[in-house]
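The block underneath contains the structure these notes are about, expressed in structure tokens.
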Amino acid sequence: FNGIVVPNAANVTIGSTNSADANRIWHNKQSGIAVVADGITIVGNTIRSNRIGVWIGSSTGGVIGGGGAAARNVIVSNTLIGIQCNQVSGMTIAGNFIGLDSDGLTTAGHGMYGVYLFEVTDSVIGGAGIWEGNVLCGNVLGGLRIERSSGNVIVGNHVGATPTNKTGGAGNGGDGITLATASTGNRIGGADDSESNVITANAGAGV
């Protein structure tokens, strides 16, 4: 069923910025990680070939990834979705490879979306700092889908591109970013160059 389950907990860390302590969470029939926990931290893991890579529900606060290679989660080749958040607030998803393998070159997307946010509020996808942006590429239906969600900020990400190839070649099979039913007050990009997303080579719309 699920690889790692954290039910009704708080302030739990899964993984480590020390690569020797990181988890390899592969080939589980449902989620690689399934969490209902406030203040969760998920760092430095390789999460591959599950049904959903990371599923988080009914939680407040927390970080998936961070800044730099040490904190990065490599989330690839899951059957449906890389990261799914349901009824979550105050989450930061930053610096992860979501559909890009650890070599930074090989596309290994998910069967539906890289990241799917449902009823998520006041969260940040990416960041303005170096390596705080996520890479979302090679996903069959799209890079990021936001549904019934508000007050979220999406900055500094590579959607359909890799950090070393910003002209494309790793596009998503649908839209780069989709704002769906009843999503209001979300911000994509910003006035400062560091907040810009690179959105390119997607088979559907960029946004």
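Residue names in the structure tokens use chain letters A, B, ... in the order shown, residue numbers from 1 in each chain, and ligand numbers from 1 in the order shown.
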### Query
Which neighbours of stretch 116-123 of chain A fall inside 10 Å, counting only C-alpha atoms, when residues of the same chain fewer than 2 positions from it are skipped, and could you give them as number ranges by chain?
A: 55-63, 81-93, 112-114, 125-126, 142-154, 178-183, 185-186
### Message
What's around A:Val207 at 7 Å? Count only C-alpha atoms, leave out sequence neighbours fewer than 5 positions away in its own chain, and write the answer as a count of residues only.
### Response
4
### Message
Could you go through chain A and tell me which residues DSSP, when run on the backbone, assigns to strand (DSSP E or B), listing them as an MDAnalysis selection string?
### Response
chainID A and resid 4:10 13:15 24:26 31:38 40:43 46:48 52:60 62:65 74:76 81:89 92:94 97:98 100 107 113:121 124:126 135:136 142:147 150 153:155 158:159 162 165 175:179 184 187:188 198:199
#### Entry: Nearest candidate to A:Phe97 (options A:Val6, A:Ala205, A:Ala161, A:Leu80; using only C-alpha atoms)
A:Ala161
### Task
Kindly give the distance, in Å, that separates atom CA of A:Gly133 and atom CA of A:Gly204, rounded to a single decimal.
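According to the coordinates, atom CA of A:Gly133 and atom CA of A:Gly204 are separated by 21.4 Å.
Proximity ranking of A:Thr106, A:Ser77, A:Thr162, A:Ser31 relative to A:Val5 places A:Ser31 first, based on only C-alpha atoms.
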#### Entry: Proximity to A:Leu100 - best of A:Gly138, A:Gly171, A:Gly32, A:Gly65, only C-alpha atoms
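Residue with the minimum atom-to-atom distance to A:Leu100: A:Gly138.
Proximity to A:Thr167 was assessed for A:Ala9, A:Leu105, A:Val198, A:Gly68 counting only C-alpha atoms; the smallest distance is recorded for A:Val198.
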### Task
Tell me, as a PyMOL selection string, which residues lie within 10 Å of A:Asn23, counting only C-alpha atoms; anything in the same chain fewer than 2 positions away does not count.
chain A and resi 14-16+19-21+25-26+43-47+73
### Of the listed residues A:Asn2, A:Asn18, A:Ser102, A:Asn197, that which approaches A:Val54 most closely, counting only C-alpha atoms
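Looking only at the distances to A:Val54, the closest residue turns out to be A:Asn2.
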